[in-house]
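Structure file structure17.txt; described as compact mmCIF, N, CA and C atoms.
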```txt
# COMPACT_ATOMS: atom_id res chain seq x y z
N MET A 1 133.62 41.50 79.48
CA MET A 1 134.44 42.49 80.18
C MET A 1 134.99 43.48 79.14
N PRO A 2 134.55 44.73 79.18
CA PRO A 2 135.08 45.73 78.25
C PRO A 2 136.59 45.94 78.43
N GLN A 3 137.27 46.14 77.30
CA GLN A 3 138.70 46.40 77.32
C GLN A 3 139.01 47.58 76.39
N ALA A 4 140.02 48.35 76.76
CA ALA A 4 140.58 49.38 75.88
C ALA A 4 141.94 48.86 75.42
N ILE A 5 142.13 48.79 74.09
CA ILE A 5 143.34 48.18 73.53
C ILE A 5 144.00 49.15 72.55
N TRP A 6 145.31 49.33 72.70
CA TRP A 6 146.09 50.16 71.78
C TRP A 6 147.36 49.39 71.43
N GLN A 7 147.62 49.24 70.13
CA GLN A 7 148.81 48.55 69.63
C GLN A 7 148.93 47.14 70.21
N GLY A 8 147.80 46.45 70.37
CA GLY A 8 147.80 45.10 70.89
C GLY A 8 147.96 44.98 72.39
N THR A 9 148.01 46.11 73.08
CA THR A 9 148.20 46.13 74.54
C THR A 9 146.89 46.51 75.22
N VAL A 10 146.49 45.74 76.22
CA VAL A 10 145.29 46.08 76.98
C VAL A 10 145.65 47.21 77.94
N ILE A 11 145.02 48.35 77.72
CA ILE A 11 145.26 49.55 78.54
C ILE A 11 144.33 49.58 79.74
N ALA A 12 143.10 49.07 79.54
CA ALA A 12 142.11 49.05 80.62
C ALA A 12 141.17 47.88 80.40
N ASP A 13 140.70 47.31 81.51
CA ASP A 13 139.63 46.32 81.44
C ASP A 13 138.87 46.35 82.76
N ALA A 14 137.58 46.11 82.65
CA ALA A 14 136.72 46.18 83.83
C ALA A 14 135.46 45.36 83.57
N PRO A 15 134.84 44.85 84.62
CA PRO A 15 133.55 44.17 84.44
C PRO A 15 132.53 45.13 83.83
N SER A 16 131.63 44.57 83.06
CA SER A 16 130.62 45.40 82.39
C SER A 16 129.85 46.29 83.35
N ASP A 17 129.57 45.80 84.54
CA ASP A 17 128.79 46.60 85.49
C ASP A 17 129.62 47.68 86.20
N ALA A 18 130.94 47.74 85.89
CA ALA A 18 131.80 48.74 86.53
C ALA A 18 132.06 49.95 85.63
N VAL A 19 131.71 49.85 84.34
CA VAL A 19 131.94 50.96 83.43
C VAL A 19 130.67 51.81 83.31
N GLU A 20 130.86 53.04 82.89
CA GLU A 20 129.74 53.94 82.59
C GLU A 20 129.82 54.27 81.10
N ILE A 21 128.69 54.27 80.44
CA ILE A 21 128.65 54.64 79.03
C ILE A 21 127.89 55.96 78.91
N VAL A 22 128.58 56.95 78.39
CA VAL A 22 128.00 58.29 78.22
C VAL A 22 128.30 58.74 76.79
N GLU A 23 127.26 59.09 76.08
CA GLU A 23 127.38 59.56 74.70
C GLU A 23 128.17 58.56 73.84
N GLY A 24 127.98 57.27 74.09
CA GLY A 24 128.64 56.23 73.33
C GLY A 24 130.08 55.95 73.74
N ASN A 25 130.59 56.67 74.72
CA ASN A 25 131.96 56.46 75.21
C ASN A 25 131.94 55.62 76.48
N VAL A 26 132.87 54.66 76.56
CA VAL A 26 132.98 53.79 77.73
C VAL A 26 133.97 54.42 78.69
N TYR A 27 133.52 54.72 79.90
CA TYR A 27 134.36 55.30 80.95
C TYR A 27 134.74 54.19 81.93
N PHE A 28 136.05 53.90 81.98
CA PHE A 28 136.57 52.85 82.86
C PHE A 28 136.93 53.44 84.22
N PRO A 29 136.70 52.69 85.30
CA PRO A 29 137.18 53.15 86.61
C PRO A 29 138.70 53.31 86.58
N VAL A 30 139.21 54.34 87.22
CA VAL A 30 140.66 54.60 87.23
C VAL A 30 141.43 53.36 87.68
N ALA A 31 140.92 52.64 88.65
CA ALA A 31 141.61 51.46 89.17
C ALA A 31 141.76 50.35 88.13
N SER A 32 140.97 50.39 87.06
CA SER A 32 141.04 49.36 86.03
C SER A 32 141.94 49.75 84.85
N VAL A 33 142.54 50.94 84.93
CA VAL A 33 143.40 51.45 83.85
C VAL A 33 144.86 51.25 84.26
N ARG A 34 145.64 50.73 83.35
CA ARG A 34 147.06 50.50 83.61
C ARG A 34 147.83 51.81 83.38
N SER A 35 148.11 52.49 84.48
CA SER A 35 148.67 53.84 84.41
C SER A 35 150.05 53.88 83.76
N GLU A 36 150.76 52.77 83.70
CA GLU A 36 152.09 52.79 83.07
C GLU A 36 152.01 53.08 81.57
N TYR A 37 150.82 52.99 80.98
CA TYR A 37 150.64 53.30 79.56
C TYR A 37 150.13 54.72 79.32
N LEU A 38 149.96 55.49 80.39
CA LEU A 38 149.46 56.86 80.27
C LEU A 38 150.55 57.87 80.57
N GLN A 39 150.57 58.95 79.79
CA GLN A 39 151.48 60.06 80.02
C GLN A 39 150.65 61.34 80.12
N PRO A 40 150.95 62.21 81.07
CA PRO A 40 150.17 63.44 81.21
C PRO A 40 150.22 64.31 79.95
N SER A 41 149.12 64.99 79.71
CA SER A 41 149.00 65.94 78.60
C SER A 41 148.51 67.27 79.16
N ASP A 42 148.89 68.35 78.52
CA ASP A 42 148.40 69.67 78.93
C ASP A 42 147.08 70.03 78.25
N HIS A 43 146.62 69.16 77.35
CA HIS A 43 145.40 69.44 76.58
C HIS A 43 144.16 69.44 77.49
N ARG A 44 143.26 70.39 77.25
CA ARG A 44 141.99 70.49 77.98
C ARG A 44 140.89 70.85 76.99
N THR A 45 139.69 70.38 77.27
CA THR A 45 138.51 70.78 76.51
C THR A 45 137.39 71.01 77.49
N VAL A 46 136.34 71.71 77.03
CA VAL A 46 135.21 72.00 77.90
C VAL A 46 133.93 71.50 77.26
N CYS A 47 133.15 70.79 78.04
CA CYS A 47 131.82 70.34 77.64
C CYS A 47 130.82 71.10 78.50
N PHE A 48 129.79 71.64 77.86
CA PHE A 48 128.85 72.50 78.60
C PHE A 48 128.13 71.75 79.72
N TRP A 49 127.96 70.44 79.62
CA TRP A 49 127.22 69.75 80.68
C TRP A 49 128.07 68.82 81.53
N LYS A 50 129.29 68.47 81.04
CA LYS A 50 130.16 67.58 81.83
C LYS A 50 131.25 68.35 82.57
N GLY A 51 131.71 69.46 82.01
CA GLY A 51 132.76 70.24 82.65
C GLY A 51 134.03 70.26 81.82
N THR A 52 135.16 70.45 82.48
CA THR A 52 136.46 70.53 81.80
C THR A 52 137.14 69.17 81.84
N ALA A 53 137.51 68.69 80.64
CA ALA A 53 138.20 67.40 80.52
C ALA A 53 139.70 67.62 80.46
N SER A 54 140.42 66.73 81.12
CA SER A 54 141.88 66.66 81.04
C SER A 54 142.23 65.40 80.25
N TYR A 55 143.44 65.37 79.68
CA TYR A 55 143.81 64.29 78.77
C TYR A 55 145.11 63.62 79.18
N TYR A 56 145.28 62.40 78.65
CA TYR A 56 146.53 61.65 78.72
C TYR A 56 146.90 61.23 77.30
N HIS A 57 148.20 61.11 77.05
CA HIS A 57 148.69 60.42 75.87
C HIS A 57 148.72 58.94 76.24
N VAL A 58 148.47 58.07 75.27
CA VAL A 58 148.58 56.63 75.49
C VAL A 58 149.81 56.15 74.76
N SER A 59 150.67 55.42 75.47
CA SER A 59 151.92 54.93 74.91
C SER A 59 152.01 53.42 75.08
N ALA A 60 152.10 52.69 73.96
CA ALA A 60 152.24 51.23 73.99
C ALA A 60 152.78 50.76 72.65
N GLY A 61 153.46 49.64 72.66
CA GLY A 61 153.97 49.07 71.41
C GLY A 61 154.90 49.99 70.66
N GLY A 62 155.59 50.87 71.39
CA GLY A 62 156.52 51.79 70.75
C GLY A 62 155.85 52.97 70.06
N GLU A 63 154.55 53.12 70.25
CA GLU A 63 153.80 54.21 69.60
C GLU A 63 153.19 55.13 70.67
N LEU A 64 153.11 56.41 70.33
CA LEU A 64 152.47 57.40 71.21
C LEU A 64 151.20 57.90 70.53
N ASN A 65 150.09 57.78 71.22
CA ASN A 65 148.80 58.25 70.73
C ASN A 65 148.43 59.48 71.56
N ARG A 66 148.65 60.64 71.00
CA ARG A 66 148.50 61.89 71.75
C ARG A 66 147.03 62.16 72.10
N ASP A 67 146.82 62.53 73.36
CA ASP A 67 145.50 62.93 73.86
C ASP A 67 144.42 61.88 73.59
N ALA A 68 144.78 60.62 73.69
CA ALA A 68 143.86 59.52 73.37
C ALA A 68 143.02 59.05 74.54
N ALA A 69 143.25 59.61 75.72
CA ALA A 69 142.44 59.26 76.89
C ALA A 69 142.03 60.56 77.58
N TRP A 70 140.83 60.58 78.11
CA TRP A 70 140.40 61.78 78.81
C TRP A 70 139.58 61.43 80.04
N TYR A 71 139.50 62.42 80.93
CA TYR A 71 138.75 62.26 82.17
C TYR A 71 138.31 63.64 82.64
N TYR A 72 137.35 63.64 83.53
CA TYR A 72 136.84 64.89 84.10
C TYR A 72 137.22 64.93 85.58
N PRO A 73 138.24 65.71 85.95
CA PRO A 73 138.68 65.75 87.35
C PRO A 73 137.57 66.20 88.31
N GLU A 74 136.73 67.12 87.84
CA GLU A 74 135.62 67.62 88.64
C GLU A 74 134.40 67.78 87.74
N PRO A 75 133.75 66.64 87.41
CA PRO A 75 132.59 66.75 86.51
C PRO A 75 131.46 67.53 87.15
N LYS A 76 130.66 68.15 86.31
CA LYS A 76 129.48 68.84 86.80
C LYS A 76 128.48 67.82 87.35
N GLU A 77 127.53 68.29 88.11
CA GLU A 77 126.55 67.42 88.76
C GLU A 77 125.86 66.49 87.77
N ALA A 78 125.54 66.96 86.60
CA ALA A 78 124.84 66.14 85.60
C ALA A 78 125.68 64.96 85.12
N ALA A 79 126.99 65.04 85.32
CA ALA A 79 127.90 63.98 84.86
C ALA A 79 128.65 63.33 86.02
N LYS A 80 128.11 63.41 87.20
CA LYS A 80 128.82 62.91 88.38
C LYS A 80 129.16 61.42 88.28
N GLN A 81 128.43 60.66 87.44
CA GLN A 81 128.69 59.23 87.33
C GLN A 81 130.02 58.92 86.65
N ILE A 82 130.65 59.91 86.01
CA ILE A 82 131.95 59.65 85.36
C ILE A 82 133.13 60.15 86.19
N ALA A 83 132.87 60.61 87.40
CA ALA A 83 133.97 61.00 88.29
C ALA A 83 134.83 59.77 88.55
N GLY A 84 136.14 59.95 88.51
CA GLY A 84 137.05 58.84 88.77
C GLY A 84 137.12 57.82 87.66
N ARG A 85 136.80 58.25 86.42
CA ARG A 85 136.79 57.34 85.27
C ARG A 85 137.54 57.95 84.10
N ILE A 86 138.03 57.07 83.23
CA ILE A 86 138.80 57.48 82.05
C ILE A 86 138.18 56.85 80.81
N ALA A 87 138.09 57.63 79.74
CA ALA A 87 137.58 57.14 78.45
C ALA A 87 138.69 57.27 77.41
N PHE A 88 138.50 56.59 76.27
CA PHE A 88 139.52 56.53 75.23
C PHE A 88 138.93 56.81 73.86
N TRP A 89 139.78 57.25 72.94
CA TRP A 89 139.41 57.46 71.54
C TRP A 89 140.67 57.47 70.71
N ARG A 90 140.62 58.04 69.50
CA ARG A 90 141.76 58.17 68.60
C ARG A 90 142.42 56.83 68.30
N GLY A 91 141.62 55.86 67.95
CA GLY A 91 142.15 54.58 67.53
C GLY A 91 142.31 53.55 68.63
N VAL A 92 142.11 53.96 69.90
CA VAL A 92 142.11 52.96 70.97
C VAL A 92 140.83 52.16 70.81
N GLN A 93 140.97 50.86 70.63
CA GLN A 93 139.81 50.00 70.41
C GLN A 93 139.14 49.67 71.73
N ILE A 94 137.83 49.76 71.73
CA ILE A 94 137.05 49.34 72.89
C ILE A 94 136.35 48.05 72.50
N GLU A 95 136.73 46.98 73.18
CA GLU A 95 136.14 45.66 72.92
C GLU A 95 135.11 45.37 74.01
N PRO A 96 133.98 44.79 73.60
CA PRO A 96 132.94 44.49 74.61
C PRO A 96 133.34 43.39 75.58
```

Now that the file is in, can you turn its structure into structure tokens?
Amino acid sequence: MPQAIWQGTVIADAPSDAVEIVEGNVYFPVASVRSEYLQPSDHRTVCFWKGTASYYHVSAGGELNRDAAWYYPEPKEAAKQIAGRIAFWRGVQIEP
């Protein structure tokens, strides 16, 4: 079961068959992410084939990891499999 862990806290976990892996990033279903560890961010980026990504800060263990989670609110058709999913980076560990 893949897990996203920050500061020793499990932020997300889901069965292997429930995640999507795109470009080496594990996208967890929103329902498997513990929203109490996420804070909204104004940061946005654009991917030519996935669309515009929105971000969250991850907060756990007394630490704030800015823009460490992202999602595509309206992914382009080529990336429709990541709709309703969140991925992590910036030191958030992804365990298999």

>> Just to confirm, what's the straight-line distance from atom CA of Tyr27 of chain A to atom CA of Ala12 of chain A in Å (one decimal)?
In response: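 Between atom CA of Tyr27 of chain A and atom CA of Ala12 of chain A the gap works out to 10.0 Å.
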
> What is the atom CA of Gly51 of chain A to atom CA of Leu38 of chain A distance in Å?
Replying inline: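 Distance reported for this atom pair: 21.5 Å.
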
> Smallest atom-to-atom distance to Val30 of chain A: which of A:Gly84, A:Pro15, A:Pro96, A:Gly62, using all atoms listed in the file?
Replying inline: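 With all atoms listed in the file as the atom set, the closest residue is A:Gly84.
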
>> I'd like the interatomic distance between atom CA of Lys80 of chain A and atom CA of Gly24 of chain A, to a tenth of an Å.
In response: 16.5 Å

>> DSSP on the backbone, helix (DSSP H, G or I) only: what residues of segment 49-87 of chain A does that give? Format it as a list in words.
In response: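 Across segment 49-87 of chain A, those assigned helix (DSSP H, G or I) are Glu77, Ala78, Ala79, Lys80, Gln81 and Ile82 of chain A.
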
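Of the listed residues (A:Gln81, A:Ser35, A:Ile94, A:Lys76), A:Gln81 comes nearest to Ala18 of chain A; the distances count only C-alpha atoms.
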
>> If you run DSSP on the backbone here, which positions in chain A get strand (DSSP E or B)? Please write them as number ranges by chain.
In response: A: 3-6, 9-13, 20-22, 25-29, 33, 38-47, 51-60, 63-71, 85-88, 93-95

>> Distance cut-off 7 Å, centre (144.2, 57.5, 78.0) in file coordinates, counting only N, CA and C atoms: which residues qualify? Return them as a PyMOL selection string.
In response: chain A and resi 37-39+55-58+67-70+86-89

>> Need to verify the contact set: Ile82 of chain A, 7 Å, all atoms listed in the file, exclusion of same-chain residues closer than 3 positions in sequence. Can you return it as a PyMOL selection string?
In response: chain A and resi 20+27+72+75+79+85-86

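For the point (143.7, 73.1, 78.6), the residues with an atom at a distance of at most 8 Å are Ser41, Asp42, His43, Arg44, Thr45, Val46, Ala53, Ser54 and Tyr55 of chain A, counting all atoms listed in the file.
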
>> Here is a test: counting only N, CA and C atoms, which residue of A:Cys47, A:Leu64, A:Val33, A:Val26 is nearest to Ile11 of chain A?
In response: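 Result for the nearest residue to Ile11 of chain A: A:Val33.
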
Return the padded bounding box of segment 41-59 of chain A as JSON: axis-aligned, built from all atoms listed in the file, 4 Å added on each side, with centre and edge lengths in Å to one decimal.
```
{"center_x": 139.6, "center_y": 63.0, "center_z": 78.7, "size_x": 32.8, "size_y": 27.1, "size_z": 15.9}
```
